[in-house]
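Asker: Below you will find the structure I want to go over with you.
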Amino acid sequence: MSAREFKRARVVEEAVLRNDGCEVAGLFHLLAGRWILPTLWELHRQDGSIRFSELKKNLKEVTNSELSRALRLLESAHLIDKKIYAEKPPRVEYFCTDLGRSIRAPIDELAKWQSEHLDKILGR
């Protein structure tokens with residue numbers, strides 16, 4: 001494991017183990033990065049593998065460095081993986097792992113809850 005991979009693994013571990021008195025606080029802390037959930041959501045939406053350039057195009061406002069950071073964090077948390085093809089130029093495709101796919105239902109439920117309660121949340 002490289003020093004960078006070790007550092008990313010520590011960031012994930014610290015985020016998930018941080019509970020602040022709430023069992024899911026660590027998970028929410030991990031997923032709270034600006035482009036973490038949108039990236040994971042897009043990978044779920046694709047229901048297969050997708051290249052970096054396609055992800056960037058679909059996420060529109062994300063920069064290369066922000067998307068790279070989100071992908072590395074999701075990979076360190078074992079929610080996604082990548083396949084590197086030995087081609088010229090190199091081709092990399094990202095996809096959800098079994099663990100990453102298993103978080104889709106809870107995220108869908110949170111989205112449904114938000115949709116049902118949005119007016120109350122906004123004070124309407």
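Chain labels run A, B, ... following the order of the structure tokens; each chain numbers its residues from 1, and ligands are numbered from 1 in the order shown.
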Can you build me a table of region 38-71 of chain A residues sitting at most 7 Å from region 89-104 of chain A, with the closest atom pair per residue and its distance in Å to one decimal, using only C-alpha atoms, sorted by chain and residue number, as a tab-separated table?
Answerer:
```
residue	atom	partner	partner_atom	distance
A:Leu43	CA	A:Phe95	CA	6.3
A:Gly48	CA	A:Phe95	CA	5.9
A:Ser49	CA	A:Phe95	CA	4.5
A:Ile50	CA	A:Glu93	CA	5.1
A:Arg51	CA	A:Glu93	CA	4.5
A:Phe52	CA	A:Glu93	CA	6.9
```
Asker: Find the residues near region 110-120 of chain A: any atom within 12 Å, counting only C-alpha atoms, skip ones fewer than 4 places away on the same chain, and give them as a count of residues only.
Answerer: 8
Asker: Looking at only C-alpha atoms, which of A:Gly123, A:Trp35, A:Lys83, A:Arg4 is the one that sits closest to Ser65 (chain A)?
Answerer: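 Checking each of A:Gly123, A:Trp35, A:Lys83, A:Arg4 against Ser65 (chain A), counting only C-alpha atoms, the winner is A:Trp35.
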Asker: Could you state the separation of CA of Asn58 (chain A) and CA of Asp108 (chain A) in Å, given to one decimal place?
Answerer: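 One can read the CA of Asn58 (chain A) to CA of Asp108 (chain A) distance as 19.2 Å.
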Asker: DSSP on the backbone: what in chain A comes out strand (DSSP E or B), as a ChimeraX atom specification?
Answerer: /A:50-51,80-85,91-96
Asker: Suppose we keep N, CA and C atoms; can you now write the selection as an mmCIF file, in the first residue's frame?
Answerer:
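Generated file (selection_31.cif):
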```cif
data_model
loop_
_atom_site.group_PDB
_atom_site.id
_atom_site.type_symbol
_atom_site.label_atom_id
_atom_site.label_comp_id
_atom_site.auth_asym_id
_atom_site.auth_seq_id
_atom_site.Cartn_x
_atom_site.Cartn_y
_atom_site.Cartn_z
ATOM 1 N N ILE A 50 -18.465 3.109 -16.102
ATOM 2 C CA ILE A 50 -18.473 4.401 -16.779
ATOM 3 C C ILE A 50 -17.069 4.992 -16.725
ATOM 4 N N ARG A 51 -16.709 5.665 -17.785
ATOM 5 C CA ARG A 51 -15.389 6.294 -17.850
ATOM 6 C C ARG A 51 -15.402 7.648 -17.150
ATOM 7 N N ILE A 80 -16.668 1.714 -4.622
ATOM 8 C CA ILE A 80 -16.474 1.585 -6.066
ATOM 9 C C ILE A 80 -15.130 0.933 -6.328
ATOM 10 N N ASP A 81 -14.951 0.511 -7.555
ATOM 11 C CA ASP A 81 -13.663 -0.021 -7.992
ATOM 12 C C ASP A 81 -13.449 0.469 -9.412
ATOM 13 N N LYS A 82 -12.287 0.199 -9.938
ATOM 14 C CA LYS A 82 -12.003 0.612 -11.306
ATOM 15 C C LYS A 82 -11.312 -0.513 -12.043
ATOM 16 N N LYS A 83 -11.511 -0.519 -13.333
ATOM 17 C CA LYS A 83 -10.827 -1.478 -14.193
ATOM 18 C C LYS A 83 -9.961 -0.669 -15.142
ATOM 19 N N ILE A 84 -8.676 -1.006 -15.170
ATOM 20 C CA ILE A 84 -7.723 -0.315 -16.026
ATOM 21 C C ILE A 84 -7.404 -1.224 -17.200
ATOM 22 N N TYR A 85 -7.656 -0.730 -18.394
ATOM 23 C CA TYR A 85 -7.394 -1.496 -19.609
ATOM 24 C C TYR A 85 -6.023 -1.139 -20.149
ATOM 25 N N ARG A 91 -7.330 3.278 -20.754
ATOM 26 C CA ARG A 91 -8.768 3.458 -20.502
ATOM 27 C C ARG A 91 -9.059 2.931 -19.107
ATOM 28 N N VAL A 92 -9.809 3.731 -18.330
ATOM 29 C CA VAL A 92 -10.187 3.356 -16.966
ATOM 30 C C VAL A 92 -11.703 3.470 -16.867
ATOM 31 N N GLU A 93 -12.334 2.438 -16.331
ATOM 32 C CA GLU A 93 -13.775 2.461 -16.111
ATOM 33 C C GLU A 93 -14.048 2.235 -14.632
ATOM 34 N N TYR A 94 -15.012 2.985 -14.102
ATOM 35 C CA TYR A 94 -15.390 2.905 -12.693
ATOM 36 C C TYR A 94 -16.738 2.210 -12.578
ATOM 37 N N PHE A 95 -16.917 1.470 -11.483
ATOM 38 C CA PHE A 95 -18.177 0.768 -11.248
ATOM 39 C C PHE A 95 -18.370 0.559 -9.756
ATOM 40 N N CYS A 96 -19.629 0.374 -9.355
ATOM 41 C CA CYS A 96 -19.940 0.113 -7.951
ATOM 42 C C CYS A 96 -19.579 -1.319 -7.591
#
```
Asker: Let me make sure I understand: among A:Val24, A:Leu55, A:Ala86, A:Ile36, which one has the smallest atom-to-atom distance to Arg69 (chain A) if we use only C-alpha atoms?
Answerer: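 Distance minimum relative to Arg69 (chain A) lands on A:Ile36.
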Asker: Just list the residues in region 7-117 of chain A DSSP gives helix (DSSP H, G or I) on the backbone, as a PyMOL selection string.
Answerer: chain A and resi 7-17+25-31+36-46+52-59+64-76+98-102+104-117
Asker: List the neighbours of Arg34 (chain A) out to 10 Å using only C-alpha atoms; skip same-chain residues closer than 5 positions along the sequence, and give me the result as a list of chain:residue names.
Answerer: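 Listed by chain and then number, they are A:Thr39, A:Val62, A:Glu66, A:Leu67, A:Ala70.
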Asker: Which residue, A:Ala77, A:Leu71, A:Leu122, A:Ala3, has the smallest gap to Leu40 (chain A) when you use only C-alpha atoms?
Answerer: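 Nearest candidate to Leu40 (chain A) out of A:Ala77, A:Leu71, A:Leu122, A:Ala3: A:Leu71.
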